[in-house]
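*Asks:* Data file final32.txt (compact mmCIF, C-alpha atoms) is appended below.
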# COMPACT_ATOMS: atom_id res chain seq x y z
CA MET U 9 19.40 -1.06 -8.78
CA ALA U 10 17.66 -0.10 -5.54
CA THR U 11 18.57 3.25 -3.95
CA ILE U 12 18.95 3.62 -0.19
CA ILE U 13 17.13 6.78 0.90
CA LYS U 14 17.74 6.06 4.61
CA ALA U 15 20.02 3.40 6.10
CA GLY U 16 20.19 1.81 9.54
CA ARG U 17 23.07 0.25 11.48
CA THR U 18 25.70 -1.69 9.59
CA ALA U 19 25.88 -5.48 9.70
CA GLU U 20 29.15 -5.21 11.65
CA GLN U 21 27.56 -3.07 14.35
CA ILE U 22 24.65 -5.47 14.70
CA ALA U 23 26.99 -8.49 14.90
CA GLU U 24 29.00 -6.83 17.68
CA ALA U 25 25.85 -6.26 19.74
CA ASP U 26 24.72 -9.86 19.14
CA ALA U 27 28.04 -11.20 20.42
CA LYS U 28 27.61 -9.42 23.74
CA VAL U 29 24.13 -10.88 24.13
CA ARG U 30 25.41 -14.41 23.42
CA THR U 31 28.02 -14.18 26.19
CA THR U 32 25.52 -12.90 28.74
CA VAL U 33 22.96 -15.58 27.96
CA GLU U 34 25.49 -18.42 28.01
CA ALA U 35 26.62 -17.48 31.52
CA THR U 36 23.04 -17.08 32.71
CA LEU U 37 21.86 -20.48 31.47
CA ALA U 38 24.89 -22.17 33.02
CA ASP U 39 24.07 -20.52 36.36
CA ILE U 40 20.43 -21.66 36.20
CA GLU U 41 21.46 -25.21 35.40
CA ALA U 42 23.95 -25.25 38.29
CA ARG U 43 21.93 -23.50 41.01
CA GLY U 44 18.30 -23.87 39.96
CA ASP U 45 15.74 -21.85 41.91
CA ALA U 46 18.38 -19.80 43.73
CA ALA U 47 19.82 -18.51 40.46
CA VAL U 48 16.37 -17.86 39.01
CA ARG U 49 15.31 -15.91 42.11
CA GLU U 50 18.45 -13.78 42.04
CA LEU U 51 17.97 -13.00 38.37
CA SER U 52 14.32 -12.12 38.88
CA GLU U 53 15.29 -9.79 41.72
CA LYS U 54 18.05 -8.22 39.62
CA PHE U 55 16.03 -7.61 36.44
CA ASP U 56 12.46 -7.29 37.71
CA GLY U 57 12.77 -6.46 41.40
CA TYR U 58 10.62 -9.51 42.16
CA ALA U 59 11.69 -12.45 44.32
CA PRO U 60 8.68 -14.34 45.74
CA ASP U 61 8.84 -17.61 47.66
CA LYS U 62 7.38 -19.35 44.61
CA PHE U 63 6.90 -18.34 41.01
CA HIS U 64 3.86 -20.54 40.33
CA LEU U 65 0.57 -18.73 40.80
CA SER U 66 -2.03 -20.54 42.91
CA GLU U 67 -5.72 -20.68 42.00
CA PRO U 68 -6.57 -17.94 44.51
CA GLU U 69 -3.80 -15.76 43.08
CA ILE U 70 -5.12 -16.32 39.57
CA GLU U 71 -8.65 -15.45 40.67
CA ALA U 72 -7.39 -12.34 42.44
CA ALA U 73 -5.57 -11.18 39.32
CA MET U 74 -8.60 -11.79 37.10
CA SER U 75 -10.83 -9.84 39.46
CA LYS U 76 -8.77 -6.74 38.62
CA VAL U 77 -9.56 -7.01 34.89
CA SER U 78 -12.59 -5.09 33.63
CA LYS U 79 -15.56 -6.87 32.10
CA ARG U 80 -14.87 -5.21 28.73
CA ASP U 81 -11.23 -6.28 28.75
CA LEU U 82 -12.20 -9.87 29.56
CA GLU U 83 -14.73 -9.82 26.71
CA ASP U 84 -12.07 -8.52 24.33
CA ILE U 85 -9.62 -11.22 25.44
CA ARG U 86 -12.26 -13.90 24.88
CA PHE U 87 -13.04 -12.45 21.43
CA ALA U 88 -9.39 -12.47 20.38
CA GLN U 89 -8.87 -15.99 21.69
CA ALA U 90 -11.95 -17.19 19.80
CA GLN U 91 -10.42 -15.88 16.54
CA VAL U 92 -7.08 -17.54 17.23
CA LYS U 93 -8.76 -20.81 18.23
CA ASN U 94 -11.00 -20.82 15.16
CA PHE U 95 -8.11 -20.37 12.72
CA ALA U 96 -5.95 -22.90 14.59
CA GLU U 97 -8.75 -25.47 14.43
CA HIS U 98 -9.01 -24.97 10.66
CA GLN U 99 -5.25 -25.40 10.39
CA LYS U 100 -5.34 -28.57 12.46
CA ALA U 101 -8.10 -29.96 10.24
CA ALA U 102 -5.69 -29.63 7.30
CA LEU U 103 -3.23 -31.98 9.06
CA LYS U 104 -4.29 -35.46 8.11
CA ASP U 105 -3.05 -38.79 9.39
CA ILE U 106 -2.38 -41.00 6.39
CA GLU U 107 -2.00 -44.71 5.72
CA VAL U 108 -1.39 -46.09 2.24
CA GLU U 109 -0.46 -49.44 0.71
CA THR U 110 2.52 -48.41 -1.40
CA MET U 111 2.98 -51.86 -2.96
CA PRO U 112 1.17 -55.15 -2.36
CA GLY U 113 1.62 -56.08 1.29
CA VAL U 114 3.50 -52.91 2.34
CA VAL U 115 1.63 -50.30 4.36
CA LEU U 116 3.17 -46.93 5.27
CA GLY U 117 1.63 -44.14 7.25
CA HIS U 118 2.10 -41.20 9.52
CA LYS U 119 0.35 -39.81 12.57
CA ASN U 120 0.37 -36.24 13.82
CA VAL U 121 1.22 -36.56 17.51
CA PRO U 122 1.08 -33.55 19.89
CA VAL U 123 4.13 -32.63 21.92
CA ASN U 124 3.64 -33.65 25.57
CA SER U 125 4.69 -30.44 27.31
CA VAL U 126 5.24 -26.88 26.15
CA ALA U 127 6.49 -23.71 27.82
CA CYS U 128 4.87 -20.51 26.52
CA TYR U 129 6.71 -17.26 27.17
CA VAL U 130 4.68 -14.05 27.19
CA PRO U 131 6.81 -10.88 27.01
CA GLY U 132 6.23 -8.08 29.49
CA GLY U 133 8.86 -5.38 29.77
CA LYS U 134 7.55 -1.96 28.81
CA TYR U 135 4.52 -3.47 27.08
CA PRO U 136 2.71 -6.42 28.67
CA MET U 137 1.89 -8.44 25.55
CA VAL U 138 -1.43 -9.99 26.50
CA ALA U 139 -1.92 -11.23 22.95
CA SER U 140 1.07 -13.55 23.15
CA ALA U 141 -0.89 -15.72 25.58
CA HIS U 142 -3.56 -16.25 22.92
CA MET U 143 -1.03 -17.06 20.23
CA SER U 144 0.89 -19.70 22.17
CA VAL U 145 -1.37 -21.21 24.82
CA VAL U 146 -4.57 -21.37 22.76
CA THR U 147 -2.75 -22.83 19.77
CA ALA U 148 -0.94 -25.44 21.88
CA LYS U 149 -4.22 -26.53 23.45
CA VAL U 150 -5.91 -26.83 20.05
CA ALA U 151 -2.99 -29.05 18.99
CA GLY U 152 -3.66 -31.31 21.98
CA VAL U 153 -0.64 -30.56 24.19
CA LYS U 154 -1.25 -32.16 27.61
CA ARG U 155 0.81 -29.79 29.78
CA VAL U 156 1.14 -26.11 28.93
CA ILE U 157 3.07 -23.88 31.31
CA ALA U 158 2.93 -20.15 30.67
CA SER U 159 5.18 -17.45 32.09
CA ALA U 160 5.30 -13.67 32.00
CA PRO U 161 7.39 -11.16 33.94
CA PRO U 162 5.96 -9.17 36.82
CA TYR U 163 4.52 -5.77 36.03
CA LYS U 164 5.14 -3.09 38.63
CA GLY U 165 6.10 -5.74 41.16
CA ALA U 166 3.18 -8.13 40.69
CA PRO U 167 1.61 -10.50 38.14
CA HIS U 168 -0.02 -8.53 35.36
CA PRO U 169 -3.80 -9.07 35.77
CA ALA U 170 -4.69 -9.06 32.07
CA ILE U 171 -1.85 -11.42 31.13
CA VAL U 172 -2.82 -13.82 33.92
CA ALA U 173 -6.44 -13.67 32.76
CA ALA U 174 -5.40 -14.36 29.16
CA MET U 175 -3.21 -17.31 30.18
CA HIS U 176 -5.96 -18.78 32.34
CA LEU U 177 -8.74 -18.31 29.79
CA ALA U 178 -6.47 -19.78 27.10
CA GLY U 179 -6.17 -23.00 29.12
CA ALA U 180 -2.69 -22.86 30.67
CA ASP U 181 -2.14 -25.71 33.14
CA GLU U 182 0.50 -23.79 35.11
CA ILE U 183 1.14 -20.06 35.32
CA LEU U 184 4.42 -18.48 36.42
CA CYS U 185 5.22 -14.88 37.23
CA LEU U 186 8.77 -14.91 35.91
CA GLY U 187 10.39 -13.04 33.06
CA GLY U 188 13.21 -12.90 30.55
CA MET U 189 15.96 -15.40 29.93
CA GLN U 190 15.61 -16.68 33.48
CA ALA U 191 12.03 -17.80 32.73
CA VAL U 192 13.03 -19.43 29.47
CA GLY U 193 15.99 -21.17 31.09
CA ALA U 194 13.99 -22.40 34.08
CA MET U 195 11.15 -23.82 31.97
CA ALA U 196 13.54 -25.57 29.61
CA LEU U 197 16.12 -26.88 32.07
CA GLY U 198 13.92 -27.31 35.12
CA THR U 199 14.61 -26.33 38.72
CA GLU U 200 13.64 -27.73 42.11
CA THR U 201 10.13 -26.27 41.73
CA ILE U 202 9.68 -25.94 37.96
CA ASN U 203 9.45 -29.13 35.94
CA PRO U 204 11.20 -28.95 32.55
CA THR U 205 9.28 -29.00 29.29
CA ASP U 206 9.85 -30.50 25.86
CA MET U 207 9.44 -27.29 23.90
CA LEU U 208 9.77 -23.49 24.23
CA VAL U 209 7.60 -21.05 22.28
CA GLY U 210 6.83 -17.35 22.25
CA PRO U 211 8.48 -14.08 21.27
CA GLY U 212 10.79 -11.99 23.40
CA ASN U 213 13.65 -9.55 23.45
CA MET U 214 17.16 -10.28 22.18
CA PHE U 215 18.09 -12.13 25.39
CA VAL U 216 15.05 -14.40 25.24
CA ALA U 217 15.68 -15.12 21.56
CA GLU U 218 19.32 -15.94 22.23
CA ALA U 219 18.39 -18.17 25.18
CA LYS U 220 16.06 -20.13 22.92
CA ARG U 221 18.81 -20.45 20.33
CA GLN U 222 21.28 -21.81 22.89
CA LEU U 223 18.69 -24.21 24.35
CA TYR U 224 17.58 -25.56 20.98
CA GLY U 225 18.40 -29.23 20.75
CA ARG U 226 17.92 -29.80 24.45
CA VAL U 227 14.34 -28.71 23.88
CA GLY U 228 12.40 -27.90 20.77
CA ILE U 229 11.54 -24.33 19.89
CA ASP U 230 9.02 -22.67 17.63
CA LEU U 231 11.54 -20.38 15.92
CA PHE U 232 14.08 -17.68 16.67
CA ALA U 233 11.69 -14.81 17.33
CA GLY U 234 13.73 -11.79 18.32
CA PRO U 235 12.98 -8.05 18.16
CA THR U 236 10.05 -7.41 15.87
CA GLU U 237 10.56 -6.33 12.26
CA THR U 238 8.15 -4.56 9.95
CA LEU U 239 8.35 -3.86 6.24
CA VAL U 240 5.97 -1.57 4.39
CA ILE U 241 5.75 -2.05 0.63
CA ALA U 242 3.89 0.86 -0.91
CA ASP U 243 3.29 2.83 -4.08
CA GLU U 244 1.50 6.14 -4.70
CA SER U 245 -1.90 4.51 -4.23
CA VAL U 246 -1.41 5.33 -0.52
CA ASP U 247 -0.05 8.37 1.28
CA ALA U 248 2.92 9.06 3.52
CA GLU U 249 0.79 9.38 6.66
CA LEU U 250 -0.41 5.78 6.39
CA CYS U 251 3.11 4.52 5.66
CA ALA U 252 4.60 6.39 8.62
CA VAL U 253 1.90 5.16 11.02
CA ASP U 254 2.56 1.55 10.01
CA LEU U 255 6.32 1.96 10.37
CA LEU U 256 6.23 3.61 13.78
CA GLY U 257 3.47 1.34 15.02
CA GLN U 258 6.02 -1.46 15.09
CA ALA U 259 9.16 0.57 15.76
CA GLU U 260 7.73 1.34 19.21
CA HIS U 261 8.24 -2.31 20.22
CA GLY U 262 11.82 -1.63 21.26
CA PRO U 263 15.02 0.22 20.41
CA THR U 264 16.29 -2.61 18.19
CA SER U 265 13.14 -3.15 16.12
CA PRO U 266 13.79 -2.65 12.39
CA ALA U 267 11.18 -0.82 10.30
CA ALA U 268 11.63 -0.36 6.56
CA LEU U 269 9.79 1.11 3.60
CA ILE U 270 10.20 -0.20 0.07
CA THR U 271 8.61 1.90 -2.65
CA ASN U 272 8.86 2.63 -6.35
CA SER U 273 7.93 6.28 -5.75
CA GLU U 274 10.66 8.73 -4.77
CA LYS U 275 7.92 11.25 -3.90
CA LEU U 276 6.37 8.82 -1.41
CA ALA U 277 9.80 7.94 -0.02
CA ARG U 278 10.70 11.58 0.68
CA GLU U 279 7.26 12.40 2.06
CA THR U 280 7.30 9.36 4.36
CA LEU U 281 10.73 10.30 5.71
CA ALA U 282 9.38 13.74 6.61
CA GLU U 283 6.11 12.33 7.96
CA VAL U 284 7.93 9.93 10.28
CA GLU U 285 9.81 12.85 11.80
CA ARG U 286 6.56 14.81 12.20
CA GLN U 287 4.78 11.90 13.91
CA LEU U 288 7.73 11.26 16.23
CA LYS U 289 7.13 14.74 17.71
CA VAL U 290 3.67 13.71 18.93
CA LEU U 291 3.83 9.90 19.33
CA PRO U 292 3.58 8.95 23.04
CA THR U 293 6.09 6.14 22.51
CA ALA U 294 8.53 8.29 20.53
CA GLU U 295 11.26 7.82 23.12
CA ILE U 296 11.59 4.21 21.97
CA ALA U 297 10.39 4.48 18.37
CA SER U 298 12.79 7.30 17.57
CA VAL U 299 15.79 5.20 18.61
CA SER U 300 14.75 2.15 16.58
CA TRP U 301 13.96 4.36 13.58
CA ALA U 302 17.31 6.15 13.81
CA ASP U 303 19.35 2.95 14.22
CA TYR U 304 17.33 0.38 12.26
CA GLY U 305 14.93 2.31 10.02
CA GLN U 306 15.36 2.12 6.25
CA ILE U 307 13.74 3.59 3.15
CA ILE U 308 14.60 1.87 -0.12
CA LEU U 309 13.61 3.16 -3.56
CA CYS U 310 13.10 0.53 -6.29
CA ARG U 311 12.53 0.75 -10.05
CA ASP U 312 9.42 -1.39 -10.21
CA GLU U 313 7.40 -4.09 -8.48
CA ALA U 314 9.78 -6.86 -9.54
CA GLU U 315 12.69 -5.13 -7.82
CA MET U 316 10.48 -4.46 -4.78
CA VAL U 317 9.85 -8.22 -4.51
CA ALA U 318 13.57 -8.99 -4.87
CA VAL U 319 14.57 -6.51 -2.15
CA ALA U 320 11.76 -7.69 0.16
CA ASP U 321 12.78 -11.32 -0.25
CA GLU U 322 16.38 -10.39 0.53
CA LEU U 323 15.32 -8.62 3.73
CA ALA U 324 13.03 -11.55 4.67
CA TYR U 325 11.23 -9.52 7.32
CA GLU U 326 8.78 -10.75 9.91
CA HIS U 327 5.80 -8.52 9.05
CA VAL U 328 5.18 -7.26 5.53
CA GLN U 329 2.46 -4.66 5.01
CA VAL U 330 1.61 -4.38 1.29
CA MET U 331 -0.20 -1.23 0.22
CA THR U 332 -0.03 -1.12 -3.56
CA ARG U 333 -2.45 -1.07 -6.47
CA ASP U 334 -2.02 -4.84 -6.84
CA PRO U 335 -1.15 -6.41 -3.47
CA ASP U 336 -1.82 -9.90 -4.85
CA TYR U 337 1.27 -9.50 -7.04
CA PHE U 338 3.34 -9.71 -3.86
CA LEU U 339 1.28 -12.62 -2.50
CA ASP U 340 1.94 -14.49 -5.74
CA ASN U 341 5.64 -13.65 -6.04
CA MET U 342 7.18 -13.14 -2.61
CA THR U 343 8.73 -16.17 -0.89
CA ASN U 344 10.49 -14.85 2.24
CA TYR U 345 8.22 -13.33 4.88
CA GLY U 346 6.67 -14.16 8.23
CA ALA U 347 3.19 -12.83 7.48
CA LEU U 348 1.66 -10.68 4.76
CA PHE U 349 -0.88 -7.94 5.40
CA LEU U 350 -2.50 -7.20 2.08
CA GLY U 351 -4.07 -3.85 1.34
CA PRO U 352 -4.54 -0.67 3.39
CA ARG U 353 -7.59 -1.96 5.28
CA THR U 354 -5.51 -4.42 7.30
CA ASN U 355 -2.28 -3.88 9.20
CA VAL U 356 0.28 -5.59 11.41
CA SER U 357 -1.53 -4.55 14.58
CA TYR U 358 -4.57 -6.63 13.56
CA GLY U 359 -2.37 -9.69 13.24
CA ASP U 360 -0.53 -8.90 16.46
CA LYS U 361 -3.63 -8.68 18.59
CA VAL U 362 -6.90 -10.07 17.35
CA ILE U 363 -7.61 -11.15 13.78
CA GLY U 364 -6.67 -14.81 14.31
CA THR U 365 -3.37 -15.44 12.53
CA ASN U 366 -0.43 -16.08 14.83
CA HIS U 367 1.89 -13.22 15.72
CA THR U 368 4.92 -15.32 16.69
CA LEU U 369 6.87 -15.04 13.45
CA PRO U 370 10.43 -15.50 12.11
CA THR U 371 12.92 -12.64 12.41
CA LYS U 372 16.53 -12.05 11.38
CA LYS U 373 15.98 -13.64 7.95
CA ALA U 374 14.66 -16.91 9.39
CA ALA U 375 11.70 -16.41 7.04
CA ARG U 376 13.98 -17.85 4.34
CA TYR U 377 13.42 -21.33 5.80
CA THR U 378 10.48 -21.29 8.21
CA GLY U 379 7.05 -19.85 8.74
CA GLY U 380 5.62 -18.68 12.03
CA LEU U 381 4.06 -20.43 14.99
CA TRP U 382 0.96 -22.43 14.13
CA VAL U 383 -0.84 -25.50 15.38
CA GLY U 384 1.45 -27.78 13.35
CA LYS U 385 4.52 -26.58 15.31
CA PHE U 386 3.11 -28.33 18.37
CA MET U 387 2.74 -31.63 16.54
CA LYS U 388 5.24 -34.25 15.46
CA THR U 389 4.59 -36.05 12.18
CA CYS U 390 5.65 -39.58 13.10
CA THR U 391 5.86 -42.33 10.51
CA TYR U 392 5.19 -46.05 10.85
CA GLN U 393 5.29 -49.08 8.60
CA ARG U 394 3.92 -52.61 8.53
CA VAL U 395 4.51 -55.49 6.11
CA LEU U 396 1.48 -57.72 5.70
CA THR U 397 2.69 -60.62 3.53
CA ASP U 398 5.66 -62.96 3.34
CA GLU U 399 6.08 -62.11 -0.32
CA ALA U 400 6.36 -58.39 0.35
CA SER U 401 8.91 -58.85 3.12
CA ALA U 402 11.10 -61.07 0.94
CA LYS U 403 10.88 -58.73 -2.05
CA VAL U 404 11.85 -55.65 -0.06
CA GLY U 405 14.47 -57.66 1.85
CA GLU U 406 16.43 -58.73 -1.22
CA VAL U 407 16.81 -55.14 -2.43
CA CYS U 408 17.52 -53.88 1.08
CA SER U 409 20.29 -56.45 1.55
CA ARG U 410 22.09 -55.40 -1.60
CA LEU U 411 21.81 -51.69 -0.75
CA CYS U 412 23.14 -52.31 2.77
CA MET U 413 26.21 -54.09 1.43
CA LEU U 414 26.71 -51.31 -1.10
CA GLU U 415 27.25 -49.08 1.93
CA GLY U 416 29.24 -51.67 3.87
CA PHE U 417 26.60 -52.31 6.56
CA ALA U 418 26.72 -56.10 7.03
CA GLY U 419 24.57 -56.01 10.17
CA HIS U 420 21.89 -54.03 8.39
CA ALA U 421 22.04 -56.51 5.51
CA GLU U 422 21.55 -59.47 7.86
CA GLN U 423 18.37 -57.86 9.20
CA ALA U 424 17.03 -58.11 5.67
CA ASN U 425 18.56 -61.52 4.91
CA ILE U 426 16.93 -63.30 7.83
CA ARG U 427 13.53 -62.17 6.62
CA VAL U 428 14.30 -63.32 3.07
CA ARG U 429 15.21 -66.75 4.45
CA ARG U 430 12.19 -67.00 6.76
CA TYR U 431 9.49 -65.43 4.62
CA GLY U 432 10.80 -65.97 1.09
CA GLY U 433 12.23 -69.46 1.42
CA ARG U 434 15.45 -68.37 -0.28
CA ASN U 435 18.78 -69.42 1.21
CA ILE U 436 20.81 -66.22 1.63
CA GLU U 437 23.74 -67.12 3.85
CA PRO U 438 24.58 -64.90 6.85
CA TYR U 439 27.60 -62.72 6.36
CA THR U 440 30.72 -63.77 8.22
CA ALA U 441 33.59 -61.76 9.59
CA ALA U 442 35.58 -62.62 6.49
CA ASP U 443 32.90 -61.05 4.32
Will you turn the file into structure tokens for me?
*Replies:*
Amino acid sequence: MATIIKAGRTAEQIAEADAKVRTTVEATLADIEARGDAAVRELSEKFDGYAPDKFHLSEPEIEAAMSKVSKRDLEDIRFAQAQVKNFAEHQKAALKDIEVETMPGVVLGHKNVPVNSVACYVPGGKYPMVASAHMSVVTAKVAGVKRVIASAPPYKGAPHPAIVAAMHLAGADEILCLGGMQAVGAMALGTETINPTDMLVGPGNMFVAEAKRQLYGRVGIDLFAGPTETLVIADESVDAELCAVDLLGQAEHGPTSPAALITNSEKLARETLAEVERQLKVLPTAEIASVSWADYGQIILCRDEAEMVAVADELAYEHVQVMTRDPDYFLDNMTNYGALFLGPRTNVSYGDKVIGTNHTLPTKKAARYTGGLWVGKFMKTCTYQRVLTDEASAKVGEVCSRLCMLEGFAGHAEQANIRVRRYGGRNIEPYTAAD
């Protein structure tokens, strides 16, 4: 049985915090729906100290922002976007339209149809997440989405130049300087100046994640991507310094970001616990990382690799960094994770920023039933059917009629019966009210 070396907050404490977020978001979305731009402007002023006449950026404003970005930074953004685009194009190539004759005269098929409009949220807050523009906008455009609107909060009272550059270079059709749940609500519900979209994507804080949850159904979403999670699975083939760096590298995201270590080495567990404390004394972002580590950090000692897999699958974390003698064992046996980072040469930061896989991934155990954002999330697999011969229509119709009546659907049955009469020449009488 696994041993808890360090525990985080209890499930009850986490649930209590979640309930407060739900109430706040529900009231905010209702206000946006009722008052539109006025509510959005008030919220932007309240949370970001930013209340412009319009939230859309004009072409001159976009150009002005991009002019503030260094040549090297623009080159790096283009490099990262090229990696994301390349992988997304390979993923799209794996999505095939199909058409097959399943029996003589019956043809079934499906087409992969892009969503018409998508809203891409790019988090700002303490860390302007430039990379989120690559992950959402580039991928949506590769999928073939016609209208992509991207939004990020202001940074120090103005649009963040690098985020604007990333959105523009990624191909966004509209760019907003608007943050948080007010941005998500405005893009989903629409206001006097912001046209609504069909889908919301992108990571965010707990309020953004909850807003997406409450809006789901009115619009589509990618997934419930809340505060980031990282899990390090390690044995004595690596050292405590590497484990601690990879834990704190994600714990700095925010004060509610879980970071956990699973190991089969008590020595590594104890040394990592001490190494985390040592690094927190010198880490520039320790003010945030220390809170998330204290409240949400865990170290779990397991007997062997099989138990490590079982515990990891139970946690179902977003990012899973595997640094063991045989990382492929976890690739072959784990089932619940957002993304795997196999071996010490790679890490979560690569996936977050540049390597090409998407960094919008499932959190809060959503990895049990979904993967992360990818080109297929922006596409609807829509089926169609055609019947080519009279014989096929009559054959299917006879069975369909009987199955409809088995369920008590006389109207459904008559849809089949009329085709049997017309195309099969067999006299099946229409059902009457008495039937």
*Asks:* Could you check which of U:Ala277, U:Ala424, U:Leu184, U:Leu256 is closest to Pro292 (chain U), using all atoms listed in the file?
*Replies:*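 Of U:Ala277, U:Ala424, U:Leu184, U:Leu256, the one nearest Pro292 (chain U), counting all atoms listed in the file, is U:Leu256.
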*Asks:* Kindly give the distance, in Å, that separates CA of Asn120 (chain U) and CA of Tyr377 (chain U), rounded to a single decimal.
*Replies:*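 Separation between CA of Asn120 (chain U) and CA of Tyr377 (chain U): 21.4 Å.
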*Asks:* Can you find the residues with an atom no farther than 7 Å from (11.0, -12.7, 22.6), counting only C-alpha atoms, and report them as a PDB file with C-alpha atoms, in the coordinates of the input?
*Replies:*
ATOM      1  CA  PRO U 131       6.810 -10.880  27.010  1.00  0.00           C
ATOM      2  CA  GLY U 210       6.830 -17.350  22.250  1.00  0.00           C
ATOM      3  CA  PRO U 211       8.480 -14.080  21.270  1.00  0.00           C
ATOM      4  CA  GLY U 212      10.790 -11.990  23.400  1.00  0.00           C
ATOM      5  CA  ASN U 213      13.650  -9.550  23.450  1.00  0.00           C
ATOM      6  CA  MET U 214      17.160 -10.280  22.180  1.00  0.00           C
ATOM      7  CA  VAL U 216      15.050 -14.400  25.240  1.00  0.00           C
ATOM      8  CA  ALA U 217      15.680 -15.120  21.560  1.00  0.00           C
ATOM      9  CA  ALA U 233      11.690 -14.810  17.330  1.00  0.00           C
ATOM     10  CA  GLY U 234      13.730 -11.790  18.320  1.00  0.00           C
ATOM     11  CA  PRO U 235      12.980  -8.050  18.160  1.00  0.00           C
TER      12      PRO U 235
END
*Asks:* In Å to one decimal, how far is CA of Asp105 (chain U) from CA of Gln393 (chain U)?
*Replies:*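 If I compute the distance from CA of Gln393 (chain U) to CA of Asp105 (chain U), I get 13.3 Å.
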*Asks:* Hey, what's within 12 Å of Ala374 (chain U) if we count all atoms listed in the file and toss same-chain stuff fewer than 4 positions away? As a count of residues only, please?
*Replies:* 21
*Asks:* Counting all atoms listed in the file, note down every residue that has an atom within 7 Å of the point (0.0, -14.3, 29.1) (file coordinates), as a PyMOL selection string.
*Replies:* chain U and resi 130+138+140-141+158-160+171-172+174-175
*Asks:* Between U:Val246, U:Ile12, U:Ala259, U:Val145, which one has atoms that come closest to Ala294 (chain U), using only C-alpha atoms?
*Replies:*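 Of the candidates, the smallest distance to Ala294 (chain U) is held by U:Ala259.
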*Asks:* Neighbouring residues of His168 (chain U) were defined as those with any atom within 9 Å, considering all atoms listed in the file; residues of the same chain fewer than 4 positions away were excluded. Please report them as a PyMOL selection string.
*Replies:* chain U and resi 73+132+136+160-164+172-173+185
*Asks:* Please identify all polymer residues within 8 Å of Val317 (chain U), counting only C-alpha atoms, omitting same-chain residues fewer than 4 positions from it, and present them as a list in words.
*Replies:*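 In the requested form, the answer reads Glu313, Asp321, Phe338, Asn341 and Met342 of chain U.
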*Asks:* Have a look at CA of Lys388 (chain U) and CA of Val121 (chain U) and let me know their distance in Å, one decimal.
*Replies:*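 Going from CA of Lys388 (chain U) over to CA of Val121 (chain U) covers 5.1 Å.
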*Asks:* Closest to Ala219 (chain U) among U:Ala268, U:Ile296, U:Leu239, U:Ala196, using only C-alpha atoms?
*Replies:*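 Result for the nearest residue to Ala219 (chain U): U:Ala196.
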*Asks:* Near Ile85 (chain U), counting only C-alpha atoms, which residues have an atom at most 10 Å away, once you skip same-chain residues fewer than 2 positions from it, shown as a list in words?
*Replies:* Lys79, Arg80, Asp81, Leu82, Glu83, Phe87, Ala88, Gln89, Ala90, Val138, Ala139, Ala141, His142, Ala170, Ile171, Ala173, Ala174, Leu177, Ala178, Lys361 and Val362 of chain U
*Asks:* From the set U:Ala194, U:Lys154, U:Cys128, U:Val77, which residue has the shortest atom-to-atom contact distance to Thr36 (chain U), counting all atoms listed in the file?
*Replies:*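 Checking each of U:Ala194, U:Lys154, U:Cys128, U:Val77 against Thr36 (chain U), counting all atoms listed in the file, the winner is U:Ala194.
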*Asks:* Between U:Val48, U:Leu223, U:Gly179, U:Ser78, single out the one closest to Arg30 (chain U), counting all atoms listed in the file.
*Replies:*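 Smallest separation from Arg30 (chain U) among the options: U:Leu223.
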*Asks:* Between U:Ala242, U:His64, U:Ile270, U:Lys54, which residue has the minimum interatomic distance to Ala180 (chain U), considering only C-alpha atoms?
*Replies:*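 Checking each of U:Ala242, U:His64, U:Ile270, U:Lys54 against Ala180 (chain U), counting only C-alpha atoms, the winner is U:His64.
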*Asks:* For Cys408 (chain U), list every protein, DNA or RNA residue within 12 Å, evaluated using all atoms listed in the file, and leave out those in the same chain fewer than 6 positions away; present the list as JSON, numbers by chain.
*Replies:* {"U": [401, 402, 414, 415, 417, 418, 419, 420, 421, 422, 423, 424, 425, 426, 427, 428]}
*Asks:* Keeping C-alpha atoms for every residue in the selection just given, could you write it to a file as an mmCIF file, keeping the file's coordinate frame?
*Replies:*
data_model
loop_
_atom_site.group_PDB
_atom_site.id
_atom_site.type_symbol
_atom_site.label_atom_id
_atom_site.label_comp_id
_atom_site.auth_asym_id
_atom_site.auth_seq_id
_atom_site.Cartn_x
_atom_site.Cartn_y
_atom_site.Cartn_z
ATOM 1 C CA SER U 401 8.910 -58.850 3.120
ATOM 2 C CA ALA U 402 11.100 -61.070 0.940
ATOM 3 C CA LEU U 414 26.710 -51.310 -1.100
ATOM 4 C CA GLU U 415 27.250 -49.080 1.930
ATOM 5 C CA PHE U 417 26.600 -52.310 6.560
ATOM 6 C CA ALA U 418 26.720 -56.100 7.030
ATOM 7 C CA GLY U 419 24.570 -56.010 10.170
ATOM 8 C CA HIS U 420 21.890 -54.030 8.390
ATOM 9 C CA ALA U 421 22.040 -56.510 5.510
ATOM 10 C CA GLU U 422 21.550 -59.470 7.860
ATOM 11 C CA GLN U 423 18.370 -57.860 9.200
ATOM 12 C CA ALA U 424 17.030 -58.110 5.670
ATOM 13 C CA ASN U 425 18.560 -61.520 4.910
ATOM 14 C CA ILE U 426 16.930 -63.300 7.830
ATOM 15 C CA ARG U 427 13.530 -62.170 6.620
ATOM 16 C CA VAL U 428 14.300 -63.320 3.070
#
